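Q: Take a look at the following structure, please.
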Amino acid sequence: MPSRSEWRWLLEKELRELAASRAFWLLLIVTGALVGHAVMSASELYAEASGIGGGPAALSQGLSPLEGIVVPTLGAYDLAATLLFPFVVIRLVAVEKQSGALALMLQAPTRFGASIVAKGIVLLVAWGVALLAGGAALVAWMAIGGHLYAPETWTVVLGYLLRGALAIGVGAAAGALAASAASAAIIALTVTIGTWALDYVAAARGGTIGAIAQYTPTSALASFEHGNLRVSTVLILTTIGLAGLGVAAAWLREGRPLARRVGGVAAALTAAILACILFAQLRSDRDVSEDRRNSFSRADEAALRRIDAPLKVTVHLAAEDPRLTDLDRGVLAKLRRTMKSVTVEYAAQSRSGLFEASNSHYGEVWYELGGKREMNRSSTEPIVLETVYRLGGVAPPTAAEEPAYRGYPLAKRMAAAPWIFFVAWPILVALAWWWATSAKGREGRGGATAVVG
């Protein structure tokens with residue numbers, strides 16, 4: 001185990017490597033511009049919906065800062081994590097291999113695995129620095145009187161922090177395995193495109209592919225952006241990021257026989273797959289949205305939790321049928337969160353339902369609970385809940401309805417946004433770059449040397 005001084009030396013070394021990376025500073029400048037454009041567009045639309053143009057304001061219940069400001073503003077980081085951040089990761093991982101300094105690192109008394117961990121920590125810090133632009137946007141929103149609900153806002157921030165961790169894992173593995181940085185960038189982009197293809201196939205097929213696709217970057221972020229904090233998603237994204245660092249640590253040990261390096265990569269991947277399968281079984285999640293969009297009313301939740309028998313739902317709707325989307329997102333997902341045991345079986349055979357005419361049951365949804373079965377064709381929450389209560393022998397709640405979400409209209413523009421993100425942010429990045437690369441910024445660091453590619 002490296003000592004505290006060795007850890008300090010490793011972290012300082014990686015920080016100097018990061019400061020020498022032009023890709024990192026470019027990431028900060030471009031990310032600031034992307035966030036600035038996103039928050040300006042989002043706040044303008046929000047102000048118009050609130051009636052700033054003199055027209056009628058939208059229903060206040062529909063004006064949610066989560067959907068109107070937080071999600072579109074931080075959504076800029078998905079583009080940054082896909083097209084920009086992997087280059088920073090690849091450079092930090094591959095620079096020593098390309099310069100020949102890797103051989104010296106492998107001979108150093110400090111364990112090589114610690115060096116990879118230090119790279120991961122510094123890269124996570126780099127992604128956190130990039131996230132400061134999003135933080136500035138949200139602070140600017142609050143400065144003009146905008147509302148933010150802390151639990152749902154921090155959940156979205158966590159989602160994008162994990163998105164960065166995922167990019168670190170993929171980029172580190174690509175940078176280690178590829179012969180050059182260009183090849184590594186192609187590999188990282190291929191992985192991203194592969195997850196998009198998986199999302200597309202899952203939307204049409206469902207089943208096992210659909211279950212796997214829940215943890216692609218796009219699907220995982222959608223969960224966080226809806227204010228649904230799922231333990232399984234957090235653990236799986238973290239595991240994939242760590243697995244990428246494990247692959248890099250195993251493959252970069254060039255002094256070892258090839259078979260042993262391949263075995264190390266296989267062991268890291270196998271351990272990650274087994275851990276992900278285990279974590280996928282976890283059903284613990286929490287609705288942190290202010291408007292409780294992922295939950296039934298509290299009275300309904302209390303009534304449903306009194307039902308001990310497992311519920312089985314058989315759905316005769318094709319994957320591309322919009323009624324299935326409404327049923328899944330509006331009712332079944334909430335049932336899974338609330339009841340102790342819910343099993344859903346998708347019985348349709350086609351993708352669109354256009355060729356299910358021979359299936360006399362198409363469009364039916366069967367509910368089986370406690371030895372009783374009942375069918376209806378509705379995807380609306382009240383009718384489905386009425387069916388479940390009837391099968392479970394539980395009286396529907398008679399409590400008064402909860403207060404409706406009141407929304408937060410704000411008919412103001414963010415006049416300072418262009419100055420913050422297109423003037424102040426680039427100046428701050430330029431000053432930070434100048435300090436980090438100047439001789440004064442490097443003096444007094446214990447004589448440690450860094451390999452700059």
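Following the order of the structure tokens, first chain is A, next is B, and so on, with residues numbered from 1 inside each chain and ligands from 1 in the order they appear.
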Where does segment 98-187 of chain A meet segment 265-282 of chain A within 12 Å, residue by residue, with the nearest atom pair and distance in Å to one decimal for each, counting only C-alpha atoms, listed by chain and rising number, as a Markdown table?
A:
```
| residue | atom | partner | partner_atom | distance |
| --- | --- | --- | --- | --- |
| A:Gly169 | CA | A:Ala272 | CA | 11.7 |
| A:Ala173 | CA | A:Val265 | CA | 9.6 |
| A:Ala176 | CA | A:Val265 | CA | 10.9 |
| A:Leu177 | CA | A:Val265 | CA | 10.0 |
```
Q: Can I get the selection written as an mmCIF file, in the first residue's frame, with N, CA and C atoms?
A:
```
data_model
loop_
_atom_site.group_PDB
_atom_site.id
_atom_site.type_symbol
_atom_site.label_atom_id
_atom_site.label_comp_id
_atom_site.auth_asym_id
_atom_site.auth_seq_id
_atom_site.Cartn_x
_atom_site.Cartn_y
_atom_site.Cartn_z
ATOM 1 N N GLY A 169 -13.900 5.282 -17.354
ATOM 2 C CA GLY A 169 -13.657 3.852 -17.494
ATOM 3 C C GLY A 169 -13.475 3.433 -18.939
ATOM 4 N N ALA A 173 -9.791 2.264 -20.598
ATOM 5 C CA ALA A 173 -9.622 0.957 -21.236
ATOM 6 C C ALA A 173 -9.208 1.106 -22.697
ATOM 7 N N ALA A 176 -5.579 2.257 -23.015
ATOM 8 C CA ALA A 176 -4.615 1.209 -22.693
ATOM 9 C C ALA A 176 -4.527 0.161 -23.798
ATOM 10 N N LEU A 177 -5.674 -0.235 -24.341
ATOM 11 C CA LEU A 177 -5.700 -1.329 -25.305
ATOM 12 C C LEU A 177 -5.268 -0.911 -26.705
#
```
Q: Within segment 31-92 of chain A, find each residue whose DSSP state, derived from the backbone, is alpha helix (DSSP H), and express the selection as a PyMOL selection string.
A: chain A and resi 31-49+65+71-74+76-83+85-92
Q: Let me see the file: selected residues, C-alpha atoms, as a PDB file, in the first residue's frame.
A:
```
ATOM      1  CA  THR A  31     -18.283  23.067 -22.016  1.00  0.00           C
ATOM      2  CA  GLY A  32     -18.795  26.601 -20.719  1.00  0.00           C
ATOM      3  CA  ALA A  33     -20.124  27.666 -24.115  1.00  0.00           C
ATOM      4  CA  LEU A  34     -22.417  24.642 -24.341  1.00  0.00           C
ATOM      5  CA  VAL A  35     -23.797  25.217 -20.846  1.00  0.00           C
ATOM      6  CA  GLY A  36     -24.235  28.926 -21.511  1.00  0.00           C
ATOM      7  CA  HIS A  37     -26.183  28.315 -24.702  1.00  0.00           C
ATOM      8  CA  ALA A  38     -28.292  25.652 -22.982  1.00  0.00           C
ATOM      9  CA  VAL A  39     -29.237  27.760 -19.953  1.00  0.00           C
ATOM     10  CA  MET A  40     -29.950  30.826 -22.084  1.00  0.00           C
ATOM     11  CA  SER A  41     -32.271  28.865 -24.367  1.00  0.00           C
ATOM     12  CA  ALA A  42     -33.950  27.081 -21.454  1.00  0.00           C
ATOM     13  CA  SER A  43     -34.508  30.240 -19.412  1.00  0.00           C
ATOM     14  CA  GLU A  44     -35.878  32.072 -22.455  1.00  0.00           C
ATOM     15  CA  LEU A  45     -38.437  29.334 -23.107  1.00  0.00           C
ATOM     16  CA  TYR A  46     -39.277  29.198 -19.397  1.00  0.00           C
ATOM     17  CA  ALA A  47     -39.839  32.948 -19.284  1.00  0.00           C
ATOM     18  CA  GLU A  48     -42.063  32.833 -22.372  1.00  0.00           C
ATOM     19  CA  ALA A  49     -44.110  30.005 -20.849  1.00  0.00           C
ATOM     20  CA  PRO A  65     -37.538  23.949 -12.882  1.00  0.00           C
ATOM     21  CA  VAL A  71     -32.249  18.997 -17.220  1.00  0.00           C
ATOM     22  CA  PRO A  72     -31.659  21.063 -20.395  1.00  0.00           C
ATOM     23  CA  THR A  73     -28.807  23.010 -18.779  1.00  0.00           C
ATOM     24  CA  LEU A  74     -26.904  19.995 -17.477  1.00  0.00           C
ATOM     25  CA  ALA A  76     -24.880  19.850 -22.282  1.00  0.00           C
ATOM     26  CA  TYR A  77     -22.605  17.521 -20.318  1.00  0.00           C
ATOM     27  CA  ASP A  78     -23.897  14.467 -22.146  1.00  0.00           C
ATOM     28  CA  LEU A  79     -22.457  15.903 -25.350  1.00  0.00           C
ATOM     29  CA  ALA A  80     -19.228  16.832 -23.556  1.00  0.00           C
ATOM     30  CA  ALA A  81     -18.895  13.350 -22.051  1.00  0.00           C
ATOM     31  CA  THR A  82     -19.455  11.775 -25.459  1.00  0.00           C
ATOM     32  CA  LEU A  83     -17.285  13.900 -27.747  1.00  0.00           C
ATOM     33  CA  PHE A  85     -13.989  14.255 -22.229  1.00  0.00           C
ATOM     34  CA  PRO A  86     -12.811  10.881 -23.669  1.00  0.00           C
ATOM     35  CA  PHE A  87      -9.893  12.704 -25.347  1.00  0.00           C
ATOM     36  CA  VAL A  88      -8.779  14.062 -21.971  1.00  0.00           C
ATOM     37  CA  VAL A  89      -8.988  10.573 -20.466  1.00  0.00           C
ATOM     38  CA  ILE A  90      -7.164   8.901 -23.344  1.00  0.00           C
ATOM     39  CA  ARG A  91      -4.334  11.426 -23.273  1.00  0.00           C
ATOM     40  CA  LEU A  92      -3.760  11.047 -19.550  1.00  0.00           C
TER      41      LEU A  92
END
```
Q: Any idea what's packed within 6 Å of segment 144-156 of chain A, counting only C-alpha atoms, ignoring anything in its chain fewer than 5 positions away? Could you give it as a list in words?
A: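 So the residues in contact are Phe224, Glu225, Gly227, Val288 and Ser289 of chain A.
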Q: Could you name the residues that touch Trp25 of chain A at 10 Å or less, counting only C-alpha atoms, but leaving out those on the same chain fewer than 5 positions away, as a list of chain:residue names?
A: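 The contact residues come out as A:Leu18, A:Ala19, A:Ala20, A:Val30, A:Thr31, A:Val88, A:Ala126, A:Ala130, A:Pro426, A:Val429, A:Ala430, A:Ala432, A:Trp433.
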Q: Suppose we keep N, CA and C atoms; can you now write the selection as a PDB file, in the first residue's frame?
A:
```
ATOM      1  N   LEU A  18      -2.360  16.604 -16.327  1.00  0.00           N
ATOM      2  CA  LEU A  18      -3.652  17.161 -16.727  1.00  0.00           C
ATOM      3  C   LEU A  18      -3.509  18.621 -17.143  1.00  0.00           C
ATOM      4  N   ALA A  19      -2.720  19.389 -16.369  1.00  0.00           N
ATOM      5  CA  ALA A  19      -2.527  20.799 -16.702  1.00  0.00           C
ATOM      6  C   ALA A  19      -1.810  20.973 -18.039  1.00  0.00           C
ATOM      7  N   ALA A  20      -0.984  20.003 -18.426  1.00  0.00           N
ATOM      8  CA  ALA A  20      -0.262  20.081 -19.695  1.00  0.00           C
ATOM      9  C   ALA A  20      -1.112  19.638 -20.874  1.00  0.00           C
ATOM     10  N   VAL A  30     -15.136  24.838 -24.154  1.00  0.00           N
ATOM     11  CA  VAL A  30     -16.287  24.421 -24.956  1.00  0.00           C
ATOM     12  C   VAL A  30     -17.473  24.061 -24.060  1.00  0.00           C
ATOM     13  N   THR A  31     -17.198  23.412 -22.929  1.00  0.00           N
ATOM     14  CA  THR A  31     -18.283  23.067 -22.016  1.00  0.00           C
ATOM     15  C   THR A  31     -18.976  24.319 -21.492  1.00  0.00           C
ATOM     16  N   VAL A  88      -9.561  13.738 -23.164  1.00  0.00           N
ATOM     17  CA  VAL A  88      -8.779  14.062 -21.971  1.00  0.00           C
ATOM     18  C   VAL A  88      -8.352  12.784 -21.262  1.00  0.00           C
ATOM     19  N   ALA A 126     -11.098  16.489 -12.721  1.00  0.00           N
ATOM     20  CA  ALA A 126     -11.209  17.281 -13.951  1.00  0.00           C
ATOM     21  C   ALA A 126     -12.659  17.395 -14.394  1.00  0.00           C
ATOM     22  N   ALA A 130     -15.168  20.747 -14.718  1.00  0.00           N
ATOM     23  CA  ALA A 130     -16.033  21.066 -15.857  1.00  0.00           C
ATOM     24  C   ALA A 130     -17.476  21.275 -15.408  1.00  0.00           C
ATOM     25  N   PRO A 426     -14.413  32.034 -20.119  1.00  0.00           N
ATOM     26  CA  PRO A 426     -13.166  31.858 -20.882  1.00  0.00           C
ATOM     27  C   PRO A 426     -11.980  32.582 -20.261  1.00  0.00           C
ATOM     28  N   VAL A 429     -10.756  30.484 -17.361  1.00  0.00           N
ATOM     29  CA  VAL A 429     -10.049  29.295 -17.859  1.00  0.00           C
ATOM     30  C   VAL A 429      -8.664  29.678 -18.369  1.00  0.00           C
ATOM     31  N   ALA A 430      -8.576  30.797 -19.092  1.00  0.00           N
ATOM     32  CA  ALA A 430      -7.278  31.247 -19.605  1.00  0.00           C
ATOM     33  C   ALA A 430      -6.326  31.582 -18.463  1.00  0.00           C
ATOM     34  N   ALA A 432      -6.427  30.329 -15.425  1.00  0.00           N
ATOM     35  CA  ALA A 432      -6.059  29.066 -14.779  1.00  0.00           C
ATOM     36  C   ALA A 432      -5.019  28.326 -15.603  1.00  0.00           C
ATOM     37  N   TRP A 433      -5.169  28.339 -16.918  1.00  0.00           N
ATOM     38  CA  TRP A 433      -4.177  27.695 -17.800  1.00  0.00           C
ATOM     39  C   TRP A 433      -2.814  28.372 -17.662  1.00  0.00           C
TER      40      TRP A 433
END
```
Q: Name the residues of segment 232-409 of chain A that come out as strand (DSSP E) in a backbone DSSP run; write them as a PyMOL selection string.
A: chain A and resi 285-287+311-315+342-346+365-369+372-376
Q: When you draw a straight line from atom CA of Ala248 of chain A to atom CA of Leu162 of chain A, how long is it in Å?
A: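 Computing it gives 18.8 Å between the two atoms.
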Q: Mind checking which residues fall within 10 Å of segment 328-340 of chain A, counting only C-alpha atoms, ignoring those fewer than 5 positions away in the same chain, and posting them as a PyMOL selection string?
A: chain A and resi 283-287+293-296+300-311+313+315+322-323+379-382+384-385+388
Q: Selection from above, N, CA and C atoms, as a short mmCIF file (atom, residue, chain, number, x, y, z; two decimals), in the first residue's frame, can you write it?
A:
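Final output, saved to out_0.cif:
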```cif
data_model
loop_
_atom_site.label_atom_id
_atom_site.label_comp_id
_atom_site.auth_asym_id
_atom_site.auth_seq_id
_atom_site.Cartn_x
_atom_site.Cartn_y
_atom_site.Cartn_z
N ARG A 283 -33.78 -3.60 -5.99
CA ARG A 283 -34.98 -2.87 -6.37
C ARG A 283 -35.15 -1.59 -5.55
N SER A 284 -34.13 -1.24 -4.80
CA SER A 284 -34.23 -0.06 -3.95
C SER A 284 -34.06 1.21 -4.79
N ASP A 285 -35.03 2.09 -4.71
CA ASP A 285 -34.93 3.38 -5.37
C ASP A 285 -35.75 4.39 -4.60
N ARG A 286 -35.60 5.63 -4.97
CA ARG A 286 -36.29 6.69 -4.24
C ARG A 286 -36.73 7.77 -5.22
N ASP A 287 -37.97 8.18 -5.06
CA ASP A 287 -38.50 9.27 -5.87
C ASP A 287 -38.15 10.58 -5.17
N ARG A 293 -43.50 12.67 -9.40
CA ARG A 293 -43.90 12.16 -10.71
C ARG A 293 -43.70 10.66 -10.85
N ASN A 294 -42.85 10.10 -10.03
CA ASN A 294 -42.56 8.67 -10.12
C ASN A 294 -43.34 7.83 -9.11
N SER A 295 -44.30 8.43 -8.44
CA SER A 295 -44.98 7.75 -7.34
C SER A 295 -46.49 7.93 -7.43
N PHE A 296 -47.20 6.98 -6.82
CA PHE A 296 -48.62 7.16 -6.58
C PHE A 296 -48.80 8.14 -5.42
N ASP A 300 -52.51 5.97 -1.78
CA ASP A 300 -52.47 4.78 -2.63
C ASP A 300 -51.27 3.91 -2.29
N GLU A 301 -50.14 4.51 -2.02
CA GLU A 301 -48.96 3.72 -1.66
C GLU A 301 -49.19 2.94 -0.37
N ALA A 302 -49.82 3.57 0.60
CA ALA A 302 -50.09 2.88 1.87
C ALA A 302 -51.04 1.71 1.65
N ALA A 303 -52.03 1.89 0.78
CA ALA A 303 -52.98 0.81 0.51
C ALA A 303 -52.32 -0.33 -0.25
N LEU A 304 -51.49 -0.02 -1.23
CA LEU A 304 -50.84 -1.05 -2.03
C LEU A 304 -49.84 -1.86 -1.20
N ARG A 305 -49.21 -1.22 -0.23
CA ARG A 305 -48.23 -1.94 0.59
C ARG A 305 -48.90 -2.93 1.54
N ARG A 306 -50.21 -2.83 1.70
CA ARG A 306 -50.91 -3.80 2.53
C ARG A 306 -51.18 -5.10 1.77
N ILE A 307 -50.92 -5.11 0.47
CA ILE A 307 -51.13 -6.31 -0.34
C ILE A 307 -49.85 -7.14 -0.30
N ASP A 308 -49.93 -8.33 0.29
CA ASP A 308 -48.74 -9.18 0.45
C ASP A 308 -48.52 -10.12 -0.73
N ALA A 309 -49.60 -10.50 -1.43
CA ALA A 309 -49.48 -11.48 -2.52
C ALA A 309 -48.74 -10.87 -3.71
N PRO A 310 -47.97 -11.68 -4.44
CA PRO A 310 -47.28 -11.17 -5.64
C PRO A 310 -48.27 -10.86 -6.76
N LEU A 311 -47.98 -9.83 -7.50
CA LEU A 311 -48.81 -9.41 -8.63
C LEU A 311 -48.12 -9.79 -9.93
N VAL A 313 -48.47 -9.36 -14.08
CA VAL A 313 -49.13 -8.60 -15.13
C VAL A 313 -48.69 -9.16 -16.48
N VAL A 315 -48.97 -8.48 -20.44
CA VAL A 315 -49.30 -7.37 -21.33
C VAL A 315 -49.26 -7.86 -22.77
N PRO A 322 -47.70 2.85 -28.50
CA PRO A 322 -47.62 3.94 -27.50
C PRO A 322 -48.40 3.64 -26.22
N ARG A 323 -49.39 2.76 -26.30
CA ARG A 323 -50.11 2.40 -25.09
C ARG A 323 -49.21 1.66 -24.11
N SER A 379 -54.71 1.92 -19.82
CA SER A 379 -53.36 2.21 -19.33
C SER A 379 -53.36 3.40 -18.38
N THR A 380 -54.54 3.80 -17.94
CA THR A 380 -54.64 4.94 -17.04
C THR A 380 -54.52 4.49 -15.59
N GLU A 381 -53.93 5.32 -14.77
CA GLU A 381 -53.63 4.97 -13.39
C GLU A 381 -54.87 4.63 -12.56
N PRO A 382 -55.94 5.45 -12.56
CA PRO A 382 -57.09 5.12 -11.69
C PRO A 382 -57.72 3.78 -11.99
N VAL A 384 -56.31 1.09 -13.48
CA VAL A 384 -55.41 0.00 -13.11
C VAL A 384 -55.40 -0.19 -11.60
N LEU A 385 -55.34 0.90 -10.86
CA LEU A 385 -55.36 0.78 -9.40
C LEU A 385 -56.66 0.17 -8.90
N VAL A 388 -56.33 -3.56 -9.32
CA VAL A 388 -55.42 -4.16 -8.33
C VAL A 388 -56.08 -4.22 -6.96
#
```
Q: Compile the contact shell of Glu345 of chain A as a list in words: residues with an atom at most 12 Å away, counting only C-alpha atoms, same-chain residues fewer than 3 positions apart removed.
A: Gly206, Gly207, Thr208, Leu311, Lys312, Val313, Thr314, Val315, His316, Leu317, Ala318, Asp328, Leu332, Val342, Ala348, Gln349, Val365, Trp366, Tyr367 and Glu368 of chain A
Q: Residues at most 12 Å from Arg4 of chain A, counting only C-alpha atoms, excluding those fewer than 5 positions away in the same chain, as a list in words?
A: Trp9, Leu10, Leu11, Thr110 and Ala114 of chain A
Q: Can you write out the residues you just picked, keeping N, CA and C atoms, as a PDB file, in the first residue's frame?
A:
```
ATOM      1  N   TRP A   9       2.726  12.314  -4.245  1.00  0.00           N
ATOM      2  CA  TRP A   9       3.563  12.441  -5.443  1.00  0.00           C
ATOM      3  C   TRP A   9       2.802  12.005  -6.690  1.00  0.00           C
ATOM      4  N   LEU A  10       2.074  10.888  -6.580  1.00  0.00           N
ATOM      5  CA  LEU A  10       1.322  10.397  -7.735  1.00  0.00           C
ATOM      6  C   LEU A  10       0.238  11.385  -8.166  1.00  0.00           C
ATOM      7  N   LEU A  11      -0.495  11.916  -7.187  1.00  0.00           N
ATOM      8  CA  LEU A  11      -1.566  12.850  -7.523  1.00  0.00           C
ATOM      9  C   LEU A  11      -1.008  14.142  -8.122  1.00  0.00           C
ATOM     10  N   THR A 110       6.585   2.255  -6.201  1.00  0.00           N
ATOM     11  CA  THR A 110       5.144   2.388  -5.974  1.00  0.00           C
ATOM     12  C   THR A 110       4.390   1.419  -6.868  1.00  0.00           C
ATOM     13  N   ALA A 114      -1.640   1.712  -8.146  1.00  0.00           N
ATOM     14  CA  ALA A 114      -1.873   2.984  -7.469  1.00  0.00           C
ATOM     15  C   ALA A 114      -1.787   4.143  -8.452  1.00  0.00           C
TER      16      ALA A 114
END
```
Q: Tell me which of A:Ile236, A:Gly135, A:Val157, A:Trp196 sits closest to Ser219 of chain A, counting only C-alpha atoms.
A: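 Among the listed residues, the smallest separation from Ser219 of chain A belongs to A:Trp196.
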Q: With distances taken over only C-alpha atoms, which residue among A:Val344, A:Ala319, A:Met142, A:Leu28 lies nearest Met414 of chain A?
A: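 Between A:Val344, A:Ala319, A:Met142, A:Leu28, the residue approaching Met414 of chain A most closely is A:Met142.
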Q: Can you measure atom CA of Gly134 of chain A to atom CA of Ala165 of chain A for me? One decimal in Å is fine.
A: 17.0 Å
